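*Asks:* My file is entry_17.cif. It has mmCIF, C-alpha atoms:
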```
data_query
loop_
_atom_site.label_atom_id
_atom_site.label_comp_id
_atom_site.auth_asym_id
_atom_site.auth_seq_id
_atom_site.Cartn_x
_atom_site.Cartn_y
_atom_site.Cartn_z
CA MET A 1 -75.39 39.16 -60.66
CA ARG A 2 -76.07 35.83 -59.00
CA ILE A 3 -73.23 33.76 -57.51
CA ALA A 4 -73.86 30.32 -56.02
CA THR A 5 -71.58 27.96 -54.14
CA ALA A 6 -72.07 24.26 -53.45
CA ASN A 7 -70.05 21.35 -52.15
CA VAL A 8 -71.40 18.76 -54.58
CA ASN A 9 -69.87 15.74 -52.80
CA GLY A 10 -68.89 14.37 -56.22
CA ILE A 11 -70.25 16.01 -59.38
CA ARG A 12 -71.34 12.67 -60.90
CA ALA A 13 -73.37 11.77 -57.81
CA ALA A 14 -74.87 15.27 -57.67
CA GLU A 15 -75.97 14.96 -61.28
CA ARG A 16 -77.67 11.64 -60.61
CA ARG A 17 -79.45 13.01 -57.56
CA GLY A 18 -80.89 16.09 -59.28
CA MET A 19 -78.39 18.95 -59.38
CA PRO A 20 -79.25 19.92 -63.01
CA ALA A 21 -82.83 20.79 -62.02
CA TRP A 22 -81.58 23.10 -59.27
CA LEU A 23 -79.12 24.71 -61.66
CA ALA A 24 -81.83 25.33 -64.27
CA GLU A 25 -84.07 26.92 -61.67
CA ARG A 26 -81.49 29.15 -59.97
CA GLN A 27 -79.51 30.19 -63.08
CA PRO A 28 -76.33 31.49 -61.40
CA ASP A 29 -74.01 33.70 -63.43
CA ILE A 30 -71.05 32.30 -61.49
CA LEU A 31 -70.93 28.92 -59.79
CA CYS A 32 -68.36 27.81 -57.22
CA LEU A 33 -68.02 24.06 -56.66
CA GLN A 34 -66.17 22.01 -54.07
CA GLU A 35 -65.41 18.28 -53.87
CA VAL A 36 -65.87 18.02 -57.63
CA ARG A 37 -63.94 14.74 -57.92
CA ALA A 38 -63.84 14.65 -61.72
CA ASP A 39 -61.58 15.64 -64.59
CA ASP A 40 -62.27 18.62 -66.88
CA PRO A 41 -64.04 16.68 -69.66
CA THR A 42 -66.40 15.03 -67.17
CA LEU A 43 -67.15 18.29 -65.35
CA TYR A 44 -67.93 20.27 -68.50
CA LYS A 45 -69.96 17.43 -69.99
CA ILE A 46 -72.17 17.36 -66.90
CA MET A 47 -72.46 21.16 -66.76
CA GLY A 48 -73.34 21.51 -70.44
CA GLU A 49 -72.42 24.18 -72.96
CA GLY A 50 -71.75 27.82 -72.23
CA TRP A 51 -69.60 27.54 -69.11
CA HIS A 52 -66.09 28.94 -68.72
CA GLY A 53 -63.74 28.97 -65.78
CA VAL A 54 -61.06 27.24 -63.76
CA HIS A 55 -61.01 23.80 -62.14
CA GLU A 56 -58.34 22.01 -60.13
CA GLU A 57 -58.30 18.49 -58.70
CA SER A 58 -55.89 17.15 -56.11
CA SER A 59 -52.72 15.82 -57.71
CA SER A 60 -51.92 13.57 -54.75
CA ALA A 61 -55.31 12.34 -53.49
CA LYS A 62 -57.42 11.31 -56.45
CA GLY A 63 -61.13 11.29 -55.69
CA ARG A 64 -60.76 13.81 -52.86
CA ALA A 65 -61.28 17.59 -52.90
CA GLY A 66 -61.45 19.39 -56.26
CA VAL A 67 -62.66 22.98 -56.70
CA ALA A 68 -63.97 25.08 -59.58
CA VAL A 69 -65.23 28.54 -60.47
CA LEU A 70 -67.50 28.33 -63.51
CA SER A 71 -69.14 31.28 -65.22
CA ARG A 72 -71.37 32.23 -68.13
CA THR A 73 -68.98 35.01 -69.16
CA GLU A 74 -65.32 34.24 -69.64
CA PRO A 75 -63.07 35.46 -66.83
CA VAL A 76 -60.21 37.81 -67.72
CA ALA A 77 -57.78 35.70 -65.67
CA THR A 78 -57.72 32.52 -63.57
CA ARG A 79 -55.32 31.06 -61.02
CA SER A 80 -55.02 27.72 -59.21
CA GLY A 81 -53.47 26.83 -55.89
CA LEU A 82 -52.76 28.67 -52.67
CA GLY A 83 -49.29 29.38 -51.34
CA SER A 84 -47.65 26.06 -50.48
CA PHE A 85 -50.86 24.17 -51.37
CA LEU A 86 -50.28 23.95 -55.10
CA GLY A 87 -52.08 21.09 -56.84
CA ALA A 88 -54.15 20.37 -53.73
CA GLY A 89 -57.54 20.92 -55.35
CA ARG A 90 -58.52 23.35 -52.61
CA TRP A 91 -58.27 26.88 -54.03
CA VAL A 92 -58.97 28.50 -57.42
CA GLU A 93 -59.49 32.16 -58.39
CA ALA A 94 -61.23 33.84 -61.33
CA ASP A 95 -61.19 37.56 -62.20
CA PHE A 96 -64.15 39.24 -63.88
CA ALA A 97 -64.23 42.70 -65.47
CA LEU A 98 -67.13 44.85 -64.27
CA ALA A 99 -69.08 47.41 -66.29
CA ASP A 100 -67.77 50.28 -64.15
CA GLY A 101 -64.18 49.34 -64.93
CA GLY A 102 -63.63 47.55 -61.63
CA LEU A 103 -62.57 43.99 -60.99
CA LEU A 104 -64.33 41.15 -59.18
CA THR A 105 -62.31 38.17 -57.99
CA VAL A 106 -64.30 35.05 -57.08
CA VAL A 107 -62.63 32.22 -55.17
CA SER A 108 -63.81 28.66 -54.64
CA VAL A 109 -62.21 27.10 -51.56
CA TYR A 110 -62.37 23.73 -49.87
CA VAL A 111 -60.85 23.46 -46.39
CA HIS A 112 -60.46 19.87 -45.24
CA THR A 113 -62.13 18.73 -42.03
CA GLY A 114 -59.05 18.26 -39.88
CA GLU A 115 -58.81 16.25 -36.68
CA ALA A 116 -58.17 17.77 -33.26
CA GLU A 117 -54.62 17.44 -31.90
CA THR A 118 -53.26 15.67 -34.98
CA PRO A 119 -51.03 16.67 -37.93
CA LYS A 120 -54.22 16.96 -40.02
CA GLN A 121 -55.32 19.82 -37.81
CA ASP A 122 -51.90 21.46 -38.05
CA GLU A 123 -52.17 21.31 -41.83
CA LYS A 124 -55.67 22.80 -41.67
CA HIS A 125 -54.39 25.79 -39.68
CA ARG A 126 -51.49 26.26 -42.06
CA PHE A 127 -53.97 26.39 -44.93
CA LEU A 128 -56.20 28.84 -43.04
CA ASN A 129 -53.26 31.13 -42.35
CA GLU A 130 -52.25 31.15 -46.01
CA MET A 131 -55.89 31.70 -46.99
CA ARG A 132 -56.20 34.77 -44.76
CA GLU A 133 -52.94 36.18 -46.06
CA ARG A 134 -54.06 35.70 -49.68
CA MET A 135 -57.49 37.24 -49.06
CA ASN A 136 -55.94 40.37 -47.58
CA LYS A 137 -53.47 40.64 -50.44
CA LEU A 138 -56.23 40.38 -53.04
CA ALA A 139 -58.45 42.94 -51.31
CA ALA A 140 -55.62 45.41 -50.78
CA ASP A 141 -55.78 46.86 -54.31
CA GLY A 142 -59.44 47.79 -53.98
CA ARG A 143 -60.94 45.01 -56.08
CA HIS A 144 -64.18 43.32 -55.06
CA LEU A 145 -63.54 39.89 -53.55
CA LEU A 146 -65.96 37.04 -52.86
CA VAL A 147 -64.60 33.84 -51.33
CA CYS A 148 -67.09 30.97 -51.50
CA GLY A 149 -66.89 27.43 -50.28
CA ASP A 150 -66.78 24.78 -47.61
CA LEU A 151 -64.60 25.99 -44.75
CA ASN A 152 -65.43 23.10 -42.42
CA ILE A 153 -65.72 25.53 -39.50
CA CYS A 154 -68.76 26.73 -37.60
CA HIS A 155 -68.10 30.27 -36.43
CA ARG A 156 -70.47 30.58 -33.49
CA GLU A 157 -72.88 28.51 -31.40
CA VAL A 158 -75.79 29.56 -33.65
CA ASP A 159 -74.00 27.88 -36.56
CA LEU A 160 -74.15 24.37 -35.08
CA LYS A 161 -77.17 22.60 -33.62
CA ASN A 162 -75.28 20.34 -31.20
CA TRP A 163 -72.54 22.80 -30.30
CA LYS A 164 -72.07 21.60 -26.71
CA GLY A 165 -71.12 18.12 -27.90
CA ASN A 166 -68.59 19.44 -30.44
CA LEU A 167 -66.51 21.87 -28.39
CA LYS A 168 -63.42 19.66 -28.66
CA LYS A 169 -63.94 18.48 -32.22
CA ALA A 170 -62.52 19.80 -35.48
CA GLY A 171 -64.89 22.28 -37.04
CA PHE A 172 -65.74 24.01 -33.76
CA LEU A 173 -62.41 24.29 -31.98
CA PRO A 174 -61.52 27.58 -30.24
CA ALA A 175 -58.56 28.21 -32.55
CA GLU A 176 -60.70 27.72 -35.66
CA ARG A 177 -63.38 30.06 -34.37
CA ALA A 178 -60.74 32.63 -33.38
CA TRP A 179 -59.43 32.52 -36.96
CA MET A 180 -62.89 33.48 -38.20
CA ASP A 181 -63.13 36.22 -35.56
CA ALA A 182 -59.92 37.71 -36.91
CA LEU A 183 -61.08 37.46 -40.51
CA PHE A 184 -64.28 39.37 -39.78
CA ASP A 185 -63.36 41.65 -36.87
CA GLU A 186 -59.75 42.54 -37.70
CA ASP A 187 -59.59 42.21 -41.48
CA GLY A 188 -63.09 43.55 -42.16
CA PHE A 189 -64.41 40.75 -44.35
CA VAL A 190 -68.14 40.09 -44.17
CA ASP A 191 -70.04 36.81 -43.74
CA VAL A 192 -72.83 37.94 -46.07
CA HIS A 193 -75.12 35.00 -45.39
CA ARG A 194 -75.09 35.63 -41.63
CA LYS A 195 -75.46 39.38 -42.21
CA LEU A 196 -78.66 38.93 -44.21
CA ALA A 197 -80.07 35.89 -42.40
CA GLY A 198 -79.95 37.47 -38.96
CA GLU A 199 -78.67 35.99 -35.72
CA GLY A 200 -79.96 32.46 -36.22
CA PRO A 201 -79.74 29.74 -35.12
CA GLY A 202 -78.91 28.41 -38.58
CA PRO A 203 -79.84 28.20 -41.32
CA TYR A 204 -77.48 25.23 -41.55
CA THR A 205 -75.79 24.11 -44.76
CA TRP A 206 -74.57 20.58 -43.96
CA PHE A 207 -76.40 17.54 -42.60
CA SER A 208 -74.78 14.14 -42.37
CA TRP A 209 -76.23 11.44 -44.62
CA ARG A 210 -76.04 9.13 -41.61
CA GLY A 211 -78.32 8.78 -38.62
CA LYS A 212 -81.15 11.18 -37.88
CA ALA A 213 -79.30 14.43 -38.56
CA TRP A 214 -81.73 15.60 -41.24
CA ASP A 215 -84.83 14.56 -39.33
CA THR A 216 -83.73 16.26 -36.11
CA GLY A 217 -82.28 19.38 -37.74
CA ALA A 218 -78.80 18.59 -36.41
CA GLY A 219 -76.96 20.66 -38.99
CA TRP A 220 -73.74 22.64 -39.32
CA ARG A 221 -73.26 25.96 -41.12
CA ILE A 222 -69.88 25.40 -42.74
CA ASP A 223 -70.48 26.73 -46.27
CA TYR A 224 -69.79 30.44 -46.66
CA ALA A 225 -69.80 33.43 -48.98
CA ILE A 226 -67.30 35.92 -47.56
CA ALA A 227 -67.06 39.36 -49.16
CA SER A 228 -64.74 42.33 -49.04
CA PRO A 229 -66.49 45.28 -47.35
CA GLY A 230 -67.32 47.20 -50.54
CA LEU A 231 -68.81 44.14 -52.19
CA ALA A 232 -70.76 43.20 -49.06
CA ALA A 233 -72.61 46.50 -49.34
CA LEU A 234 -73.86 45.44 -52.79
CA VAL A 235 -75.33 42.09 -51.66
CA THR A 236 -79.13 42.13 -51.97
CA ALA A 237 -79.89 38.53 -50.97
CA ALA A 238 -78.10 35.51 -49.52
CA GLU A 239 -80.00 32.25 -49.12
CA VAL A 240 -79.44 28.59 -48.32
CA ASP A 241 -81.27 26.33 -50.78
CA LEU A 242 -82.37 23.65 -48.34
CA ALA A 243 -83.94 20.68 -50.13
CA PRO A 244 -87.66 20.06 -49.49
CA SER A 245 -86.93 16.58 -48.11
CA TYR A 246 -84.12 14.15 -47.34
CA ALA A 247 -84.91 12.18 -50.51
CA GLU A 248 -84.59 15.30 -52.69
CA ARG A 249 -81.10 16.23 -51.53
CA TRP A 250 -78.44 16.05 -54.23
CA SER A 251 -75.56 16.56 -51.78
CA ASP A 252 -75.05 16.46 -48.04
CA HIS A 253 -74.38 20.20 -48.41
CA SER A 254 -76.98 22.79 -49.40
CA PRO A 255 -76.04 25.52 -51.88
CA VAL A 256 -75.61 29.12 -50.77
CA VAL A 257 -76.91 31.63 -53.33
CA VAL A 258 -75.89 35.30 -53.29
CA ASP A 259 -77.43 38.10 -55.37
CA LEU A 260 -75.43 41.29 -55.92
CA ALA A 261 -76.30 44.69 -57.39
CA LEU A 262 -73.46 44.62 -59.92
#
```
Render the structure in this file as structure tokens.

*Replies:*
Amino acid sequence: MRIATANVNGIRAAERRGMPAWLAERQPDILCLQEVRADDPTLYKIMGEGWHGVHEESSSAKGRAGVAVLSRTEPVATRSGLGSFLGAGRWVEADFALADGGLLTVVSVYVHTGEAETPKQDEKHRFLNEMRERMNKLAADGRHLLVCGDLNICHREVDLKNWKGNLKKAGFLPAERAWMDALFDEDGFVDVHRKLAGEGPGPYTWFSWRGKAWDTGAGWRIDYAIASPGLAALVTAAEVDLAPSYAERWSDHSPVVVDLAL
């Protein structure tokens, strides 16, 4: 099974820039999208026939956020929203029946950037706390769980090229990094991309459109595939699909593609 995740930075823009060619080449069975910024008819028209799934846009901030889990086989159940963040366009879940009788839950998540020492950052931490609680609740019954998306956090120094200049900025704050420590070290979830890619630095998943970030390799690794322990053991590959050149990028984020022996 192949599962891919991508922050498309607007599905219409991604289509214009070349996303369909990537999709045709990689052929994921399940696709998680963030920052979709489109309604259902537009999303499914762009994706083409044969896709099922769940999609939620923000009900209060049109043109911001938006997440989806799309699949070639129809999920047995879908859910939208997370805790107190209902209708926020940040969290959707889809359940898939496995051949061995088990269950796989795939989540697409978009965590907003935040801003240090502001209410935006407080809201980000509230979302992260509810996210961790939900992940542990889902994994508690023994199902396989894969949470994919843009977390807007770099976990360690190897995940951010210019880490020294970002120690006091949202995305690399001590409290954010401690949250990830707890998720991996206390709860037992696995950052499958880091596990298979080695210690780094990188590979990074996000480069600003502005300035010389692409040219100088000044990237951030903020897009993740996080698995429950049993599922992590079944991952055979986890790669970042970095575009060949700046001009060939179809988003400021690069997709993360995970292959599993399911």

*Asks:* With distances taken over only C-alpha atoms, which residue among A:Gly149, A:Gly48, A:Gly101, A:Pro28 lies nearest Gly66 of chain A?

*Replies:*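 Using only C-alpha atoms, Gly66 of chain A sits closest to A:Gly149.
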
*Asks:* Pick out the residues sitting within 9 Å of segment 16-21 of chain A, and hand them over as a list in words; count all atoms listed in the file, and ignore anything fewer than 6 positions along from it in its own chain.

*Replies:* Val8, Ile46, Met47, Ala247, Glu248, Arg249, Trp250 and Ser251 of chain A

*Asks:* Name the residues that the PyMOL selection byres ((chain A and resi 232-237) around 7) pulls out of this structure, and write them as a ChimeraX atom specification.

*Replies:* /A:190,192,196,227-231,238-239,258-261

*Asks:* Go ahead and save the residues from that selection, with C-alpha atoms, as a PDB file, in the coordinates of the input.

*Replies:*
```pdb
ATOM      1  CA  VAL A 190     -68.140  40.090 -44.170  1.00  0.00           C
ATOM      2  CA  VAL A 192     -72.830  37.940 -46.070  1.00  0.00           C
ATOM      3  CA  LEU A 196     -78.660  38.930 -44.210  1.00  0.00           C
ATOM      4  CA  ALA A 227     -67.060  39.360 -49.160  1.00  0.00           C
ATOM      5  CA  SER A 228     -64.740  42.330 -49.040  1.00  0.00           C
ATOM      6  CA  PRO A 229     -66.490  45.280 -47.350  1.00  0.00           C
ATOM      7  CA  GLY A 230     -67.320  47.200 -50.540  1.00  0.00           C
ATOM      8  CA  LEU A 231     -68.810  44.140 -52.190  1.00  0.00           C
ATOM      9  CA  ALA A 238     -78.100  35.510 -49.520  1.00  0.00           C
ATOM     10  CA  GLU A 239     -80.000  32.250 -49.120  1.00  0.00           C
ATOM     11  CA  VAL A 258     -75.890  35.300 -53.290  1.00  0.00           C
ATOM     12  CA  ASP A 259     -77.430  38.100 -55.370  1.00  0.00           C
ATOM     13  CA  LEU A 260     -75.430  41.290 -55.920  1.00  0.00           C
ATOM     14  CA  ALA A 261     -76.300  44.690 -57.390  1.00  0.00           C
TER      15      ALA A 261
END
```

*Asks:* With the file shown as input, list the residues that the PyMOL selection byres ((chain A and resi 184) around 12) selects, as a compact mmCIF listing (two decimals) with C-alpha atoms, in the frame of the given file.

*Replies:*
```txt
# COMPACT_ATOMS: atom_id res chain seq x y z
CA ARG A 132 -56.20 34.77 -44.76
CA MET A 135 -57.49 37.24 -49.06
CA ASN A 136 -55.94 40.37 -47.58
CA HIS A 155 -68.10 30.27 -36.43
CA ARG A 177 -63.38 30.06 -34.37
CA ALA A 178 -60.74 32.63 -33.38
CA TRP A 179 -59.43 32.52 -36.96
CA MET A 180 -62.89 33.48 -38.20
CA ASP A 181 -63.13 36.22 -35.56
CA ALA A 182 -59.92 37.71 -36.91
CA LEU A 183 -61.08 37.46 -40.51
CA ASP A 185 -63.36 41.65 -36.87
CA GLU A 186 -59.75 42.54 -37.70
CA ASP A 187 -59.59 42.21 -41.48
CA GLY A 188 -63.09 43.55 -42.16
CA PHE A 189 -64.41 40.75 -44.35
CA VAL A 190 -68.14 40.09 -44.17
CA ASP A 191 -70.04 36.81 -43.74
CA VAL A 192 -72.83 37.94 -46.07
CA ARG A 194 -75.09 35.63 -41.63
CA LYS A 195 -75.46 39.38 -42.21
CA ILE A 226 -67.30 35.92 -47.56
CA ALA A 227 -67.06 39.36 -49.16
CA SER A 228 -64.74 42.33 -49.04
CA PRO A 229 -66.49 45.28 -47.35
CA ALA A 232 -70.76 43.20 -49.06
```

*Asks:* Find, counting only C-alpha atoms, the residue in A:Val158, A:Val111, A:Val147, A:Leu98 that gets nearest to Ala4 of chain A.

*Replies:*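 Residue with the minimum atom-to-atom distance to Ala4 of chain A: A:Val147.
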
*Asks:* Restricting the calculation to only C-alpha atoms: of A:Gly50, A:Gly102, A:Pro203, A:Gly87, which residue gets closest to Lys62 of chain A?

*Replies:*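 Ranking A:Gly50, A:Gly102, A:Pro203, A:Gly87 by distance to Lys62 of chain A, first place goes to A:Gly87.
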
*Asks:* Under the rule of at most 8 Å, produce a per-residue listing of segment 105-174 of chain A near segment 71-84 of chain A: chain, number, name, the closest pair of atoms, and the distance in Å, as a Markdown table, using all atoms listed in the file.

*Replies:*
```
| residue | atom | partner | partner_atom | distance |
| --- | --- | --- | --- | --- |
| A:Glu130 | CA | A:Gly83 | CA | 6.3 |
| A:Met131 | CA | A:Leu82 | CA | 7.2 |
| A:Arg134 | CA | A:Leu82 | CA | 7.7 |
```

*Asks:* Could you name the residues that touch Lys124 of chain A at 9 Å or less, counting only C-alpha atoms, but leaving out those on the same chain fewer than 3 positions away, as a list of chain:residue names?

*Replies:*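 Listing them by chain and then by number gives A:Val111, A:His112, A:Thr113, A:Gly114, A:Glu115, A:Pro119, A:Lys120, A:Gln121, A:Phe127, A:Leu128, A:Asn129.
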
*Asks:* Those selected residues, please, written with C-alpha atoms and delivered as a short mmCIF file (atom, residue, chain, number, x, y, z; two decimals), keeping the file's coordinate frame.

*Replies:*
```
data_model
loop_
_atom_site.label_atom_id
_atom_site.label_comp_id
_atom_site.auth_asym_id
_atom_site.auth_seq_id
_atom_site.Cartn_x
_atom_site.Cartn_y
_atom_site.Cartn_z
CA VAL A 111 -60.85 23.46 -46.39
CA HIS A 112 -60.46 19.87 -45.24
CA THR A 113 -62.13 18.73 -42.03
CA GLY A 114 -59.05 18.26 -39.88
CA GLU A 115 -58.81 16.25 -36.68
CA PRO A 119 -51.03 16.67 -37.93
CA LYS A 120 -54.22 16.96 -40.02
CA GLN A 121 -55.32 19.82 -37.81
CA PHE A 127 -53.97 26.39 -44.93
CA LEU A 128 -56.20 28.84 -43.04
CA ASN A 129 -53.26 31.13 -42.35
#
```

*Asks:* Smallest atom-to-atom distance to Lys212 of chain A: which of A:Ser59, A:Thr42, A:Tyr246, A:Asp122, using only C-alpha atoms?

*Replies:*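 The closest residue to Lys212 of chain A is A:Tyr246.
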
*Asks:* Work out how far atom CA of Phe85 of chain A is from atom CA of Ile222 of chain A, in Å to one decimal.

*Replies:*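 Between atom CA of Ile222 of chain A and atom CA of Phe85 of chain A the gap is 20.9 Å.
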
*Asks:* Between A:Gln34, A:Val240, A:Asn166, A:Trp214, which one has atoms that come closest to Ala197 of chain A, using only C-alpha atoms?

*Replies:*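 When distances to Ala197 of chain A are compared using only C-alpha atoms, the smallest one comes from A:Val240.
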
*Asks:* Run through the PyMOL selection byres ((chain A and resi 58) around 12) on the given coordinates and return the selected residues as a PyMOL selection string.

*Replies:* chain A and resi 34-39+55-57+59-68+80-81+85-92+110

*Asks:* Excluding Ala116 of chain A and its own-chain neighbours fewer than 5 positions away, which residues fall within 12 Å of it when counting all atoms listed in the file? Please give them as an MDAnalysis selection string.

*Replies:* chainID A and resid 121:125 166:176

*Asks:* So the first atom is atom CA of His52 of chain A and the second is atom CA of Tyr224 of chain A; what is the distance between them in Å, to one decimal place?

*Replies:*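 Going from atom CA of His52 of chain A over to atom CA of Tyr224 of chain A covers 22.4 Å.
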
*Asks:* Please determine, counting only C-alpha atoms, which residue among A:Val256, A:Ala99, A:Cys154, A:Ile30 has the shortest atom-to-atom distance to Asn7 of chain A.

*Replies:*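 Once distances to Asn7 of chain A are computed over only C-alpha atoms, the minimum belongs to A:Val256.
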
*Asks:* Would you mind reading off the distance between atom CA of Arg26 of chain A and atom CA of Leu262 of chain A, one decimal, in Å?

*Replies:*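 Between these atoms lies a distance of 17.4 Å.
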
*Asks:* Which polymer residues, whether protein, DNA or RNA, lie within 10 Å of the coordinate (-81.5, 28.4, -33.1) when you count all atoms listed in the file? List them as a list in words, using the chain letters and numbers from the file.

*Replies:* Glu157, Val158, Asp159, Leu160, Lys161, Glu199, Gly200, Pro201, Gly202, Pro203 and Tyr204 of chain A

*Asks:* Just want the 8 Å neighbourhood of Val107 of chain A, counted on all atoms listed in the file, with same-chain residues fewer than 4 positions away dropped. Output as a list in words.

*Replies:*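 Listed by chain and then number, they are Cys32, Val69, Trp91, Val92, Glu93, Ala94, Leu145, Leu146, Val147 and Cys148 of chain A.
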
*Asks:* Copy segment 234-251 of chain A out of the block into a file, keeping N, CA and C atoms, as a PDB file, in the first residue's frame.

*Replies:*
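Full text of part.pdb as output:
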```pdb
ATOM      1  N   LEU A 234       5.793  -2.026   9.597  1.00  0.00           N
ATOM      2  CA  LEU A 234       5.407  -2.491   8.261  1.00  0.00           C
ATOM      3  C   LEU A 234       5.793  -1.500   7.160  1.00  0.00           C
ATOM      4  N   VAL A 235       6.397  -0.380   7.528  1.00  0.00           N
ATOM      5  CA  VAL A 235       6.815   0.616   6.538  1.00  0.00           C
ATOM      6  C   VAL A 235       8.077   0.129   5.829  1.00  0.00           C
ATOM      7  N   THR A 236       8.035   0.083   4.512  1.00  0.00           N
ATOM      8  CA  THR A 236       9.183  -0.372   3.720  1.00  0.00           C
ATOM      9  C   THR A 236       9.949   0.763   3.056  1.00  0.00           C
ATOM     10  N   ALA A 237       9.319   1.920   2.920  1.00  0.00           N
ATOM     11  CA  ALA A 237       9.983   3.079   2.317  1.00  0.00           C
ATOM     12  C   ALA A 237       9.256   4.342   2.746  1.00  0.00           C
ATOM     13  N   ALA A 238      10.023   5.427   2.894  1.00  0.00           N
ATOM     14  CA  ALA A 238       9.443   6.739   3.194  1.00  0.00           C
ATOM     15  C   ALA A 238      10.351   7.776   2.556  1.00  0.00           C
ATOM     16  N   GLU A 239       9.814   8.509   1.582  1.00  0.00           N
ATOM     17  CA  GLU A 239      10.635   9.406   0.774  1.00  0.00           C
ATOM     18  C   GLU A 239       9.991  10.786   0.654  1.00  0.00           C
ATOM     19  N   VAL A 240      10.836  11.786   0.489  1.00  0.00           N
ATOM     20  CA  VAL A 240      10.381  13.133   0.146  1.00  0.00           C
ATOM     21  C   VAL A 240      10.571  13.316  -1.353  1.00  0.00           C
ATOM     22  N   ASP A 241       9.512  13.681  -2.046  1.00  0.00           N
ATOM     23  CA  ASP A 241       9.578  13.888  -3.496  1.00  0.00           C
ATOM     24  C   ASP A 241       9.973  15.338  -3.786  1.00  0.00           C
ATOM     25  N   LEU A 242      11.251  15.617  -3.641  1.00  0.00           N
ATOM     26  CA  LEU A 242      11.766  16.955  -3.914  1.00  0.00           C
ATOM     27  C   LEU A 242      11.771  17.195  -5.421  1.00  0.00           C
ATOM     28  N   ALA A 243      11.234  18.331  -5.843  1.00  0.00           N
ATOM     29  CA  ALA A 243      11.177  18.646  -7.277  1.00  0.00           C
ATOM     30  C   ALA A 243      12.590  18.792  -7.848  1.00  0.00           C
ATOM     31  N   PRO A 244      12.775  18.487  -9.136  1.00  0.00           N
ATOM     32  CA  PRO A 244      14.099  18.617  -9.748  1.00  0.00           C
ATOM     33  C   PRO A 244      14.635  20.032  -9.766  1.00  0.00           C
ATOM     34  N   SER A 245      13.741  21.031  -9.783  1.00  0.00           N
ATOM     35  CA  SER A 245      14.172  22.424  -9.836  1.00  0.00           C
ATOM     36  C   SER A 245      13.099  23.320  -9.236  1.00  0.00           C
ATOM     37  N   TYR A 246      13.464  24.549  -8.947  1.00  0.00           N
ATOM     38  CA  TYR A 246      12.523  25.529  -8.412  1.00  0.00           C
ATOM     39  C   TYR A 246      11.335  25.685  -9.347  1.00  0.00           C
ATOM     40  N   ALA A 247      11.584  25.754 -10.643  1.00  0.00           N
ATOM     41  CA  ALA A 247      10.529  25.989 -11.635  1.00  0.00           C
ATOM     42  C   ALA A 247       9.547  24.834 -11.729  1.00  0.00           C
ATOM     43  N   GLU A 248       9.974  23.631 -11.315  1.00  0.00           N
ATOM     44  CA  GLU A 248       9.125  22.447 -11.429  1.00  0.00           C
ATOM     45  C   GLU A 248       8.352  22.139 -10.154  1.00  0.00           C
ATOM     46  N   ARG A 249       8.445  22.992  -9.169  1.00  0.00           N
ATOM     47  CA  ARG A 249       7.691  22.797  -7.930  1.00  0.00           C
ATOM     48  C   ARG A 249       6.205  23.091  -8.175  1.00  0.00           C
ATOM     49  N   TRP A 250       5.326  22.264  -7.629  1.00  0.00           N
ATOM     50  CA  TRP A 250       3.904  22.577  -7.742  1.00  0.00           C
ATOM     51  C   TRP A 250       3.298  22.999  -6.394  1.00  0.00           C
ATOM     52  N   SER A 251       4.159  23.082  -5.380  1.00  0.00           N
ATOM     53  CA  SER A 251       3.779  23.638  -4.083  1.00  0.00           C
ATOM     54  C   SER A 251       5.062  24.073  -3.399  1.00  0.00           C
TER      55      SER A 251
END
```
